[in-house]
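Peer 1: Contents of query_17.cif (mmCIF, C-alpha atoms) are given next:
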data_start
loop_
_atom_site.label_atom_id
_atom_site.label_comp_id
_atom_site.auth_asym_id
_atom_site.auth_seq_id
_atom_site.Cartn_x
_atom_site.Cartn_y
_atom_site.Cartn_z
CA MET Y 1 23.23 -15.17 27.12
CA ALA Y 2 25.00 -13.50 24.19
CA HIS Y 3 23.02 -15.64 21.74
CA HIS Y 4 19.76 -14.56 23.38
CA ILE Y 5 20.66 -10.86 23.02
CA ALA Y 6 21.68 -11.31 19.39
CA SER Y 7 18.44 -13.16 18.73
CA GLU Y 8 16.43 -10.27 20.13
CA ILE Y 9 18.19 -7.73 17.93
CA SER Y 10 18.08 -9.89 14.79
CA PRO Y 11 15.10 -12.27 15.07
CA ARG Y 12 15.47 -15.72 13.53
CA PRO Y 13 12.99 -18.46 12.68
CA GLY Y 14 12.00 -20.26 15.85
CA ASP Y 15 12.31 -17.26 18.14
CA ARG Y 16 9.30 -16.40 20.28
CA ILE Y 17 7.57 -13.14 19.33
CA ASP Y 18 7.17 -12.33 23.02
CA ASP Y 19 10.97 -12.41 23.44
CA LEU Y 20 11.72 -9.84 20.74
CA SER Y 21 13.02 -6.37 21.47
CA THR Y 22 10.57 -3.58 20.72
CA PRO Y 23 9.13 -1.58 19.06
CA ARG Y 24 8.73 -3.91 16.10
CA PRO Y 25 6.07 -4.68 13.49
CA ILE Y 26 5.06 -8.32 13.33
CA ILE Y 27 3.04 -10.00 10.59
CA ASP Y 28 0.77 -12.99 11.17
CA GLU Y 29 1.43 -15.38 8.26
CA ASP Y 30 -1.95 -17.08 8.40
CA ARG Y 31 -3.94 -13.84 8.53
CA MET Y 32 -1.92 -12.42 5.64
CA ALA Y 33 -2.40 -15.55 3.52
CA ALA Y 34 -6.13 -15.48 4.22
CA ASN Y 35 -6.32 -11.82 3.18
CA ILE Y 36 -4.54 -12.55 -0.10
CA ALA Y 37 -6.78 -15.52 -0.84
CA ARG Y 38 -10.04 -13.74 0.07
CA VAL Y 39 -9.45 -10.73 -2.18
CA GLN Y 40 -8.11 -12.77 -5.09
CA SER Y 41 -11.12 -15.06 -4.86
CA TYR Y 42 -13.44 -12.04 -5.04
CA MET Y 43 -11.64 -10.67 -8.11
CA ASP Y 44 -11.65 -14.07 -9.81
CA ALA Y 45 -15.37 -14.51 -9.14
CA HIS Y 46 -16.09 -11.24 -10.92
CA GLY Y 47 -13.68 -11.70 -13.81
CA LEU Y 48 -11.47 -8.76 -12.82
CA ASN Y 49 -7.73 -8.69 -13.16
CA PHE Y 50 -6.15 -7.76 -9.84
CA ARG Y 51 -3.04 -5.59 -9.59
CA PRO Y 52 -1.78 -5.34 -5.98
CA HIS Y 53 -0.22 -2.07 -4.88
CA ILE Y 54 3.17 -2.87 -3.35
CA LYS Y 55 3.48 0.43 -1.45
CA THR Y 56 1.78 -1.32 1.47
CA HIS Y 57 4.52 -3.89 2.02
CA LYS Y 58 7.44 -2.95 -0.31
CA ILE Y 59 8.61 -6.59 -0.18
CA PRO Y 60 9.13 -8.61 -3.41
CA ALA Y 61 8.47 -11.95 -1.67
CA LEU Y 62 4.97 -10.77 -0.73
CA ALA Y 63 4.27 -9.53 -4.25
CA SER Y 64 5.35 -12.97 -5.48
CA ALA Y 65 2.79 -14.56 -3.16
CA GLN Y 66 0.12 -12.19 -4.50
CA VAL Y 67 0.99 -13.06 -8.12
CA LYS Y 68 1.12 -16.77 -7.31
CA ALA Y 69 -2.43 -16.43 -5.94
CA GLY Y 70 -3.56 -15.02 -9.29
CA ALA Y 71 -2.70 -11.30 -9.40
CA LYS Y 72 -1.81 -9.84 -12.80
CA GLY Y 73 1.23 -7.63 -12.35
CA VAL Y 74 1.92 -5.06 -9.64
CA ASN Y 75 1.28 -1.39 -8.97
CA CYS Y 76 4.13 0.86 -7.81
CA GLN Y 77 3.93 4.50 -6.86
CA LYS Y 78 7.43 5.69 -7.70
CA ILE Y 79 10.18 4.77 -10.18
CA THR Y 80 12.54 3.71 -7.40
CA GLU Y 81 9.98 1.21 -6.11
CA ALA Y 82 9.50 -0.11 -9.64
CA GLU Y 83 13.26 -0.56 -10.04
CA VAL Y 84 13.39 -2.76 -6.93
CA PHE Y 85 10.55 -4.94 -8.20
CA ALA Y 86 12.04 -5.14 -11.70
CA ASP Y 87 15.29 -6.32 -10.08
CA ALA Y 88 13.20 -9.04 -8.38
CA GLY Y 89 11.90 -10.26 -11.75
CA PHE Y 90 8.57 -8.47 -12.10
CA GLU Y 91 7.76 -7.40 -15.67
CA ASP Y 92 4.18 -6.12 -15.56
CA ILE Y 93 4.48 -2.90 -13.55
CA LEU Y 94 2.13 0.09 -13.52
CA VAL Y 95 3.55 3.28 -11.95
CA THR Y 96 0.60 5.46 -10.90
CA PHE Y 97 2.32 8.80 -10.43
CA ASN Y 98 3.07 11.77 -12.70
CA ILE Y 99 6.76 11.51 -13.59
CA ILE Y 100 8.49 14.85 -14.14
CA GLY Y 101 12.14 15.88 -14.50
CA PRO Y 102 15.20 14.84 -16.55
CA GLU Y 103 16.71 12.49 -13.95
CA LYS Y 104 13.44 10.63 -13.45
CA LEU Y 105 12.88 10.34 -17.21
CA VAL Y 106 16.33 8.81 -17.73
CA ARG Y 107 15.63 6.25 -15.03
CA LEU Y 108 12.19 5.59 -16.49
CA SER Y 109 13.51 4.96 -19.99
CA THR Y 110 16.23 2.70 -18.64
CA LEU Y 111 13.60 0.74 -16.73
CA ASN Y 112 11.35 0.60 -19.80
CA ASP Y 113 14.21 -0.95 -21.79
CA ARG Y 114 14.69 -3.62 -19.11
CA ILE Y 115 11.16 -4.96 -18.74
CA ALA Y 116 8.36 -5.80 -21.15
CA GLY Y 117 5.31 -4.46 -19.37
CA LEU Y 118 6.06 -1.04 -17.88
CA LYS Y 119 3.19 1.45 -17.87
CA VAL Y 120 2.83 4.97 -16.45
CA VAL Y 121 0.07 7.57 -16.13
CA ALA Y 122 -0.39 11.20 -17.17
CA ASP Y 123 -3.12 13.77 -16.65
CA SER Y 124 -2.00 16.78 -18.71
CA MET Y 125 -0.63 17.83 -22.08
CA VAL Y 126 2.48 19.08 -20.28
CA MET Y 127 3.10 15.61 -18.86
CA VAL Y 128 2.50 13.86 -22.18
CA ASP Y 129 4.67 16.27 -24.17
CA GLY Y 130 7.50 15.84 -21.65
CA LEU Y 131 7.30 12.06 -21.89
CA SER Y 132 7.18 12.16 -25.69
CA ALA Y 133 10.16 14.53 -25.98
CA HIS Y 134 12.24 12.04 -24.03
CA PHE Y 135 10.88 8.72 -25.32
CA ALA Y 136 10.92 9.70 -29.00
CA THR Y 137 14.45 8.27 -29.15
CA TRP Y 138 13.84 5.33 -26.79
CA LYS Y 139 11.70 2.22 -26.76
CA PRO Y 140 8.04 3.42 -26.79
CA LEU Y 141 6.35 3.82 -23.41
CA ALA Y 142 2.75 2.86 -22.58
CA VAL Y 143 0.84 5.75 -20.98
CA LEU Y 144 -2.59 5.62 -19.31
CA VAL Y 145 -4.75 8.71 -18.84
CA GLU Y 146 -5.40 9.35 -15.15
CA CYS Y 147 -9.02 10.36 -14.52
CA ASP Y 148 -10.42 12.15 -11.48
CA THR Y 149 -13.70 10.31 -10.97
CA GLY Y 150 -14.33 11.99 -7.61
CA GLY Y 151 -11.23 11.28 -5.56
CA GLY Y 152 -10.10 14.91 -5.82
CA ARG Y 153 -6.42 14.19 -6.32
CA CYS Y 154 -4.71 14.00 -9.73
CA GLY Y 155 -6.58 13.33 -12.96
CA VAL Y 156 -8.42 14.93 -15.88
CA GLN Y 157 -11.77 16.34 -14.88
CA SER Y 158 -14.15 15.04 -17.55
CA PRO Y 159 -14.58 12.20 -20.07
CA GLU Y 160 -14.13 14.72 -22.88
CA GLU Y 161 -10.82 15.87 -21.44
CA ALA Y 162 -9.75 12.23 -21.00
CA ALA Y 163 -10.55 11.46 -24.63
CA VAL Y 164 -8.63 14.51 -25.86
CA LEU Y 165 -5.57 13.52 -23.83
CA ALA Y 166 -5.82 9.89 -25.02
CA ARG Y 167 -5.85 11.08 -28.63
CA HIS Y 168 -2.85 13.27 -27.89
CA ILE Y 169 -0.92 10.31 -26.42
CA ALA Y 170 -1.82 8.11 -29.39
CA GLY Y 171 -0.42 10.69 -31.79
CA LYS Y 172 2.84 11.46 -30.01
CA PRO Y 173 6.16 9.85 -30.96
CA GLY Y 174 7.61 7.47 -28.39
CA LEU Y 175 4.29 6.86 -26.65
CA ILE Y 176 1.58 4.19 -26.80
CA PHE Y 177 -1.90 4.87 -25.42
CA GLY Y 178 -2.34 2.21 -22.74
CA GLY Y 179 -5.80 2.95 -21.34
CA LEU Y 180 -7.44 4.72 -18.41
CA MET Y 181 -6.67 4.79 -14.70
CA THR Y 182 -8.47 6.24 -11.69
CA TYR Y 183 -8.12 6.33 -7.92
CA PRO Y 184 -11.69 7.09 -6.83
CA LYS Y 185 -13.29 8.04 -3.56
CA PRO Y 186 -14.92 5.10 -1.73
CA ASN Y 187 -18.52 4.08 -2.32
CA SER Y 188 -18.83 5.85 -5.66
CA ALA Y 189 -19.09 2.98 -8.15
CA ALA Y 190 -21.89 4.60 -10.15
CA ALA Y 191 -19.90 7.80 -10.71
CA ILE Y 192 -16.75 5.87 -11.63
CA GLN Y 193 -18.66 3.68 -14.07
CA ALA Y 194 -20.36 6.65 -15.73
CA PHE Y 195 -17.07 8.53 -16.21
CA LEU Y 196 -15.16 5.53 -17.57
CA ALA Y 197 -17.98 4.26 -19.80
CA GLU Y 198 -18.46 7.67 -21.41
CA THR Y 199 -14.72 8.03 -22.01
CA ILE Y 200 -14.52 4.58 -23.60
CA SER Y 201 -17.47 5.47 -25.85
CA LEU Y 202 -15.73 8.64 -27.01
CA LEU Y 203 -12.54 6.70 -27.74
CA LYS Y 204 -14.40 4.03 -29.70
CA ARG Y 205 -15.96 6.74 -31.81
CA ASP Y 206 -12.45 7.81 -32.76
CA GLY Y 207 -11.30 4.23 -33.34
CA ILE Y 208 -8.99 4.22 -30.31
CA GLU Y 209 -8.70 0.95 -28.39
CA CYS Y 210 -8.57 1.11 -24.58
CA PRO Y 211 -6.71 -2.04 -23.48
CA ILE Y 212 -6.54 -1.31 -19.73
CA VAL Y 213 -9.18 0.37 -17.58
CA SER Y 214 -7.74 0.42 -14.08
CA SER Y 215 -9.77 1.35 -11.00
CA GLY Y 216 -8.44 1.05 -7.49
CA GLY Y 217 -8.37 1.40 -3.76
CA THR Y 218 -8.79 -0.94 -0.82
CA PRO Y 219 -11.65 1.26 0.49
CA SER Y 220 -13.47 0.54 -2.82
CA LEU Y 221 -12.39 -3.08 -2.96
CA TYR Y 222 -15.67 -4.92 -2.58
CA GLU Y 223 -17.60 -2.65 -4.93
CA ALA Y 224 -15.05 -3.23 -7.73
CA HIS Y 225 -17.49 -5.52 -9.57
CA LEU Y 226 -19.96 -2.63 -9.90
CA VAL Y 227 -17.51 -0.76 -12.15
CA THR Y 228 -18.15 -2.95 -15.17
CA ALA Y 229 -16.05 -0.77 -17.48
CA ALA Y 230 -12.92 -1.63 -15.49
CA THR Y 231 -10.62 -4.43 -16.61
CA GLU Y 232 -8.58 -4.43 -13.40
CA HIS Y 233 -8.60 -3.24 -9.80
CA ARG Y 234 -5.65 -2.08 -7.70
CA ALA Y 235 -5.40 -2.33 -3.90
CA GLY Y 236 -2.63 -2.52 -1.34
CA THR Y 237 -3.74 -2.24 2.29
CA TYR Y 238 -5.83 -5.42 2.16
CA ILE Y 239 -2.77 -7.69 2.46
CA TYR Y 240 -2.19 -6.58 6.08
CA ASN Y 241 -5.38 -4.61 6.83
CA ASP Y 242 -5.40 -1.94 9.52
CA ARG Y 243 -7.67 -0.01 11.83
CA SER Y 244 -9.05 2.14 9.02
CA MET Y 245 -10.10 -0.98 7.12
CA VAL Y 246 -11.88 -2.32 10.22
CA ARG Y 247 -13.74 0.99 10.51
CA ALA Y 248 -14.69 0.80 6.82
CA GLY Y 249 -16.24 -2.62 7.40
CA HIS Y 250 -13.89 -4.47 5.08
CA CYS Y 251 -12.47 -6.70 7.80
CA ASP Y 252 -12.51 -7.49 11.50
CA GLU Y 253 -9.68 -6.97 13.96
CA GLU Y 254 -8.96 -10.69 13.59
CA ASP Y 255 -8.11 -10.04 9.91
CA CYS Y 256 -5.40 -7.49 10.74
CA ALA Y 257 -2.12 -9.25 10.01
CA MET Y 258 0.15 -6.41 11.15
CA HIS Y 259 0.60 -5.56 14.80
CA ILE Y 260 3.16 -3.23 16.34
CA LEU Y 261 4.77 -4.98 19.28
CA ALA Y 262 5.57 -2.43 22.00
CA THR Y 263 6.65 -2.49 25.65
CA ILE Y 264 5.18 -0.61 28.59
CA VAL Y 265 8.20 1.36 29.84
CA SER Y 266 6.51 3.60 32.41
CA ARG Y 267 3.35 3.86 34.55
CA PRO Y 268 3.81 7.37 36.02
CA THR Y 269 0.17 7.56 37.20
CA PRO Y 270 -2.62 4.99 37.61
CA ASN Y 271 -4.28 6.27 34.44
CA ARG Y 272 -1.21 6.70 32.24
CA ALA Y 273 1.05 4.20 30.54
CA VAL Y 274 4.00 5.03 28.31
CA ILE Y 275 5.26 2.73 25.55
CA ASP Y 276 8.49 2.64 23.57
CA ALA Y 277 6.64 3.24 20.29
CA GLY Y 278 6.24 6.83 19.17
CA SER Y 279 5.78 8.52 15.81
CA LYS Y 280 8.88 6.75 14.44
CA ALA Y 281 7.25 3.39 15.11
CA LEU Y 282 3.49 3.88 14.82
CA THR Y 283 3.23 6.88 12.41
CA SER Y 284 1.32 10.02 13.33
CA ASP Y 285 -1.24 9.36 10.57
CA LEU Y 286 -4.69 9.69 12.11
CA LEU Y 287 -6.87 8.90 9.04
CA GLY Y 288 -9.80 10.50 10.82
CA PHE Y 289 -9.19 8.80 14.18
CA SER Y 290 -8.59 10.85 17.32
CA ASP Y 291 -5.93 8.45 18.61
CA TYR Y 292 -2.97 6.50 17.26
CA GLY Y 293 -3.94 2.83 17.13
CA ALA Y 294 -6.00 0.13 18.80
CA VAL Y 295 -4.45 -1.71 21.75
CA VAL Y 296 -5.22 -5.41 21.42
CA GLY Y 297 -6.63 -6.86 24.62
CA TYR Y 298 -7.25 -3.42 26.15
CA PRO Y 299 -10.10 -2.04 24.03
CA GLN Y 300 -10.72 0.92 26.34
CA ALA Y 301 -7.09 2.07 26.34
CA VAL Y 302 -6.49 5.16 24.19
CA ILE Y 303 -3.13 6.11 22.63
CA THR Y 304 -3.54 9.86 23.05
CA ASN Y 305 -0.15 11.28 22.16
CA LEU Y 306 3.02 10.40 20.26
CA SER Y 307 6.42 12.01 20.43
CA GLU Y 308 9.31 10.57 18.47
CA GLU Y 309 10.07 7.63 20.77
CA HIS Y 310 7.24 7.68 23.30
CA GLY Y 311 3.57 6.82 23.08
CA VAL Y 312 1.22 7.89 25.86
CA ILE Y 313 -1.78 5.69 26.65
CA ASP Y 314 -4.78 6.89 28.65
CA LEU Y 315 -6.05 4.04 30.83
CA SER Y 316 -8.76 5.99 32.66
CA LYS Y 317 -11.61 4.19 30.88
CA CYS Y 318 -10.22 0.70 31.44
CA SER Y 319 -12.62 -1.15 33.69
CA GLY Y 320 -10.61 -4.35 33.99
CA SER Y 321 -6.90 -5.07 34.22
CA ARG Y 322 -4.33 -2.52 33.11
CA PRO Y 323 -0.92 -3.16 31.55
CA VAL Y 324 2.12 -3.15 33.82
CA ILE Y 325 5.72 -2.04 33.35
CA GLY Y 326 7.60 -4.53 31.18
CA GLU Y 327 4.46 -5.94 29.58
CA LYS Y 328 4.49 -6.29 25.80
CA ILE Y 329 1.35 -5.15 24.02
CA ARG Y 330 0.19 -5.36 20.41
CA ILE Y 331 -1.20 -2.37 18.56
CA ILE Y 332 -3.22 -2.34 15.34
CA PRO Y 333 -1.96 0.73 13.47
CA ASN Y 334 -4.28 3.28 11.92
CA HIS Y 335 -2.40 3.09 8.60
CA THR Y 336 -0.29 0.05 7.89
CA CYS Y 337 1.27 1.33 4.64
CA VAL Y 338 3.20 4.10 6.39
CA VAL Y 339 4.42 1.74 9.09
CA SER Y 340 6.14 -0.42 6.45
CA ASN Y 341 8.26 2.56 5.45
CA LEU Y 342 9.47 3.08 9.03
CA TYR Y 343 11.35 -0.23 9.39
CA ASP Y 344 14.22 -1.97 7.60
CA ARG Y 345 12.86 -5.46 8.23
CA MET Y 346 9.51 -7.09 8.80
CA VAL Y 347 9.16 -10.05 11.16
CA PHE Y 348 6.65 -12.76 10.23
CA HIS Y 349 5.24 -15.32 12.65
CA ARG Y 350 2.80 -18.16 13.00
CA GLY Y 351 1.27 -18.79 16.41
CA GLY Y 352 3.75 -16.44 18.06
CA ILE Y 353 6.84 -18.16 16.62
CA VAL Y 354 9.01 -16.33 14.08
CA THR Y 355 8.81 -17.92 10.62
CA ARG Y 356 11.01 -15.51 8.63
CA VAL Y 357 12.40 -12.00 8.46
CA GLU Y 358 12.11 -10.04 5.21
CA ASP Y 359 13.97 -6.88 4.25
CA VAL Y 360 11.60 -4.05 3.35
CA ALA Y 361 13.43 -3.78 0.04
CA ALA Y 362 11.78 -0.58 -1.23
CA ARG Y 363 11.83 1.22 2.11
CA GLY Y 364 12.53 4.93 1.77
CA LEU Y 365 12.26 4.88 -2.02
CA VAL Y 366 9.83 7.72 -2.52
CA TRP Y 367 11.19 9.54 -5.59
#
Can you turn what I pasted into structure tokens?
Peer 2:
Amino acid sequence: MAHHIASEISPRPGDRIDDLSTPRPIIDEDRMAANIARVQSYMDAHGLNFRPHIKTHKIPALASAQVKAGAKGVNCQKITEAEVFADAGFEDILVTFNIIGPEKLVRLSTLNDRIAGLKVVADSMVMVDGLSAHFATWKPLAVLVECDTGGGRCGVQSPEEAAVLARHIAGKPGLIFGGLMTYPKPNSAAAIQAFLAETISLLKRDGIECPIVSSGGTPSLYEAHLVTAATEHRAGTYIYNDRSMVRAGHCDEEDCAMHILATIVSRPTPNRAVIDAGSKALTSDLLGFSDYGAVVGYPQAVITNLSEEHGVIDLSKCSGSRPVIGEKIRIIPNHTCVVSNLYDRMVFHRGGIVTRVEDVAARGLVW
């Protein structure tokens, strides 16, 4: 009996998924492997380098599988994530976030000394001057110009501005101009291509080489080949997929490798069920949905409300069977990337049997 309890708390290979304590994310090995293979095959067919974004899983073993399949380097969002992946042996790392502040710059230069292929981004003179002031006495750092091609987040606003900033990087001590980077809005390949192509033309006129042109996003994944100026594409969510990717038409529910295993803990009324998965397990990210995940096997059930530890499911539209107290259900999350950051470990399975448990090594590393 004691062994069974310990097994539930700390799953081991051979355990049955249905016996695990909840709430808990579980990853289907075969679905995940198929997702990796499908996207890498697409990139290979179109001659694009592929740089997976590790913020989705934060697990070096999964990044290794992505690289083994053919990916060229990895994409991290923060220095702390990059440090974890450098510790795991990754050398080609692009950090796609403006890095500001003395403590971060010290960590960045230390990381740059450790690995051969570190690259960062910048979208302003202030950023570039700050990097140069620090790196003038360190090993030179490769810097890409971040371009806003319609995504409305960070980035210079025009090809002319991009070219000016690229020239500024190329002329600053301690820095090497590494290329261009963008995180675009979905379904905007023509606009991305026009922006990048014009910028590259301006740089060529000035005799400036542009070694990397990095576009990105899982929502834009299958139009990556239309951005012919790009040398690489970045994406993260595709490895697990989630409800937002199903809505976007990039996959079916059967391609979603991550489920949240949860237990029905209460049925206070015929039309209400309560699960042990709240905002700390499912995330309150809506991503445009009006509810908090899709309940596998109960398509008409609606997760209407989350508190910290409780999830409330409206069963009023269910025409068939309804879940009962003690029943374990599987939920496809709206946004898988955030879920990864809510758990210390990720449980993998094949056919409902645990295959391995991986630490989410970069969990909580958001600075």
Peer 1: At a cut-off of 12 Å, can you tabulate as a Markdown table every residue of stretch 138-244 of chain Y near stretch 21-36 of chain Y together with its closest atom pair and the distance in Å to one decimal, using all atoms listed in the file and ordering rows by chain then number?
Peer 2:
| residue | atom | partner | partner_atom | distance |
| --- | --- | --- | --- | --- |
| Y:Thr218 | CA | Y:Asn35 | CA | 11.9 |
| Y:Ala235 | CA | Y:Ile36 | CA | 10.9 |
| Y:Gly236 | CA | Y:Ile36 | CA | 10.3 |
| Y:Thr237 | CA | Y:Asn35 | CA | 10.0 |
| Y:Tyr238 | CA | Y:Asn35 | CA | 6.5 |
| Y:Ile239 | CA | Y:Asn35 | CA | 5.5 |
| Y:Tyr240 | CA | Y:Met32 | CA | 5.9 |
| Y:Asn241 | CA | Y:Asn35 | CA | 8.1 |
| Y:Asp242 | CA | Y:Met32 | CA | 11.7 |
Peer 1: Looking at all atoms listed in the file, which of Y:Ala45, Y:His233, Y:Glu160, Y:Asp206 is the one that sits closest to Y:Gly73?
Peer 2: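 Ranking Y:Ala45, Y:His233, Y:Glu160, Y:Asp206 by distance to Y:Gly73, first place goes to Y:His233.
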Peer 1: Could you tell me which residues the PyMOL selection byres ((chain Y and resi 133) around 12) grabs in this file, written as number ranges by chain?
Peer 2: Y: 100-102, 105-106, 109, 125-132, 134-138, 140-141, 169, 172-175
Peer 1: Near stretch 223-225 of chain Y, counting only C-alpha atoms, which residues have an atom at most 10 Å away, once you skip same-chain residues fewer than 3 positions from it, shown as a PyMOL selection string?
Peer 2: chain Y and resi 42-43+45-48+186-190+215-220+228-234
Peer 1: Can you find the residues with an atom no farther than 6 Å from (-13.2, 8.3, -25.9), counting all atoms listed in the file, and report them as a short mmCIF file (atom, residue, chain, number, x, y, z; two decimals) with C-alpha atoms, in the coordinates of the input?
Peer 2:
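Once written, out29.cif looks like this:
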data_model
loop_
_atom_site.label_atom_id
_atom_site.label_comp_id
_atom_site.auth_asym_id
_atom_site.auth_seq_id
_atom_site.Cartn_x
_atom_site.Cartn_y
_atom_site.Cartn_z
CA ALA Y 163 -10.55 11.46 -24.63
CA THR Y 199 -14.72 8.03 -22.01
CA ILE Y 200 -14.52 4.58 -23.60
CA SER Y 201 -17.47 5.47 -25.85
CA LEU Y 202 -15.73 8.64 -27.01
CA LEU Y 203 -12.54 6.70 -27.74
CA LYS Y 204 -14.40 4.03 -29.70
#
Peer 1: Taking all atoms listed in the file into account, produce a table as CSV in which each residue of stretch 230-272 of chain Y with an atom at most 10 Å from an atom of stretch 281-284 of chain Y appears once, together with its shortest atom pair and the distance in Å to one decimal, ordered by chain and rising number.
Peer 2:
residue,atom,partner,partner_atom,distance
Y:His259,CA,Y:Leu282,CA,9.9
Y:Ile260,CA,Y:Leu282,CA,7.3
Y:Leu261,CA,Y:Ala281,CA,9.7
Y:Ala262,CA,Y:Ala281,CA,9.2
Peer 1: Taking all atoms listed in the file into account, name the residue in Y:Ala61, Y:Leu226, Y:Val295, Y:Met346 that is nearest to Y:Arg243.
Peer 2: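 Once distances to Y:Arg243 are computed over all atoms listed in the file, the minimum belongs to Y:Val295.
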Peer 1: What's the 6 Å shell around stretch 334-341 of chain Y, counting all atoms listed in the file, without same-chain residues fewer than 5 positions away, as a list in words?
Peer 2: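 What passes the distance filter is Thr56, His57, Asp242, Arg243, Ser244, Gly293 and Arg363 of chain Y.
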Peer 1: Determine the axis-aligned bounding box of all atoms of stretch 256-265 of chain Y present in the file, pad each side by 6 Å, and express its centre and edge lengths in Å to one decimal place as JSON.
Peer 2:
{"center_x": 1.4, "center_y": -3.9, "center_z": 19.9, "size_x": 25.6, "size_y": 22.6, "size_z": 31.8}
Peer 1: Atom CA of Y:Val120 and atom CA of Y:Ala63, how far apart in Å?
Peer 2: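 About the pair atom CA of Y:Ala63 and atom CA of Y:Val120: they are 19.0 Å apart.
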Peer 1: Can you list, as a ChimeraX atom specification, the residues that the PyMOL selection byres ((chain Y and resi 327) around 12) selects here?
Peer 2: /Y:18-19,21-22,261-267,273-276,322-326,328-330
Peer 1: Is there a way to complete stretch 320-332 of chain Y with N, CA, C and O atoms and then write that out as a PDB file, keeping the file's coordinate frame?
Peer 2:
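Below is the file that was written, part.pdb:
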ATOM      1  N   GLY Y 320     -11.206  -3.122  33.493  1.00  0.00           N
ATOM      2  CA  GLY Y 320     -10.610  -4.350  33.990  1.00  0.00           C
ATOM      3  C   GLY Y 320      -9.137  -4.166  34.323  1.00  0.00           C
ATOM      4  O   GLY Y 320      -8.738  -3.143  34.876  1.00  0.00           O
ATOM      5  N   SER Y 321      -8.335  -5.151  33.936  1.00  0.00           N
ATOM      6  CA  SER Y 321      -6.900  -5.070  34.220  1.00  0.00           C
ATOM      7  C   SER Y 321      -6.245  -4.001  33.368  1.00  0.00           C
ATOM      8  O   SER Y 321      -6.766  -3.591  32.326  1.00  0.00           O
ATOM      9  N   ARG Y 322      -5.095  -3.540  33.820  1.00  0.00           N
ATOM     10  CA  ARG Y 322      -4.330  -2.520  33.110  1.00  0.00           C
ATOM     11  C   ARG Y 322      -2.905  -3.027  32.911  1.00  0.00           C
ATOM     12  O   ARG Y 322      -2.381  -3.765  33.745  1.00  0.00           O
ATOM     13  N   PRO Y 323      -2.269  -2.645  31.807  1.00  0.00           N
ATOM     14  CA  PRO Y 323      -0.920  -3.160  31.550  1.00  0.00           C
ATOM     15  C   PRO Y 323       0.086  -2.658  32.575  1.00  0.00           C
ATOM     16  O   PRO Y 323      -0.060  -1.560  33.118  1.00  0.00           O
ATOM     17  N   VAL Y 324       1.111  -3.479  32.809  1.00  0.00           N
ATOM     18  CA  VAL Y 324       2.120  -3.150  33.820  1.00  0.00           C
ATOM     19  C   VAL Y 324       3.473  -2.928  33.150  1.00  0.00           C
ATOM     20  O   VAL Y 324       3.687  -3.297  31.992  1.00  0.00           O
ATOM     21  N   ILE Y 325       4.377  -2.313  33.871  1.00  0.00           N
ATOM     22  CA  ILE Y 325       5.720  -2.040  33.350  1.00  0.00           C
ATOM     23  C   ILE Y 325       6.376  -3.354  32.911  1.00  0.00           C
ATOM     24  O   ILE Y 325       6.341  -4.351  33.635  1.00  0.00           O
ATOM     25  N   GLY Y 326       6.945  -3.336  31.720  1.00  0.00           N
ATOM     26  CA  GLY Y 326       7.600  -4.530  31.180  1.00  0.00           C
ATOM     27  C   GLY Y 326       6.697  -5.386  30.309  1.00  0.00           C
ATOM     28  O   GLY Y 326       7.179  -6.261  29.575  1.00  0.00           O
ATOM     29  N   GLU Y 327       5.398  -5.150  30.377  1.00  0.00           N
ATOM     30  CA  GLU Y 327       4.460  -5.940  29.580  1.00  0.00           C
ATOM     31  C   GLU Y 327       4.546  -5.546  28.102  1.00  0.00           C
ATOM     32  O   GLU Y 327       4.645  -4.369  27.761  1.00  0.00           O
ATOM     33  N   LYS Y 328       4.528  -6.543  27.236  1.00  0.00           N
ATOM     34  CA  LYS Y 328       4.490  -6.290  25.800  1.00  0.00           C
ATOM     35  C   LYS Y 328       3.039  -6.279  25.330  1.00  0.00           C
ATOM     36  O   LYS Y 328       2.255  -7.156  25.685  1.00  0.00           O
ATOM     37  N   ILE Y 329       2.707  -5.265  24.569  1.00  0.00           N
ATOM     38  CA  ILE Y 329       1.350  -5.150  24.020  1.00  0.00           C
ATOM     39  C   ILE Y 329       1.421  -5.129  22.499  1.00  0.00           C
ATOM     40  O   ILE Y 329       2.479  -4.873  21.917  1.00  0.00           O
ATOM     41  N   ARG Y 330       0.286  -5.416  21.867  1.00  0.00           N
ATOM     42  CA  ARG Y 330       0.190  -5.360  20.410  1.00  0.00           C
ATOM     43  C   ARG Y 330      -0.779  -4.257  20.022  1.00  0.00           C
ATOM     44  O   ARG Y 330      -1.842  -4.128  20.626  1.00  0.00           O
ATOM     45  N   ILE Y 331      -0.405  -3.510  19.006  1.00  0.00           N
ATOM     46  CA  ILE Y 331      -1.200  -2.370  18.560  1.00  0.00           C
ATOM     47  C   ILE Y 331      -1.543  -2.541  17.080  1.00  0.00           C
ATOM     48  O   ILE Y 331      -0.667  -2.852  16.260  1.00  0.00           O
ATOM     49  N   ILE Y 332      -2.816  -2.374  16.747  1.00  0.00           N
ATOM     50  CA  ILE Y 332      -3.220  -2.340  15.340  1.00  0.00           C
ATOM     51  C   ILE Y 332      -3.073  -0.909  14.866  1.00  0.00           C
ATOM     52  O   ILE Y 332      -3.721   0.000  15.388  1.00  0.00           O
TER      53      ILE Y 332
END
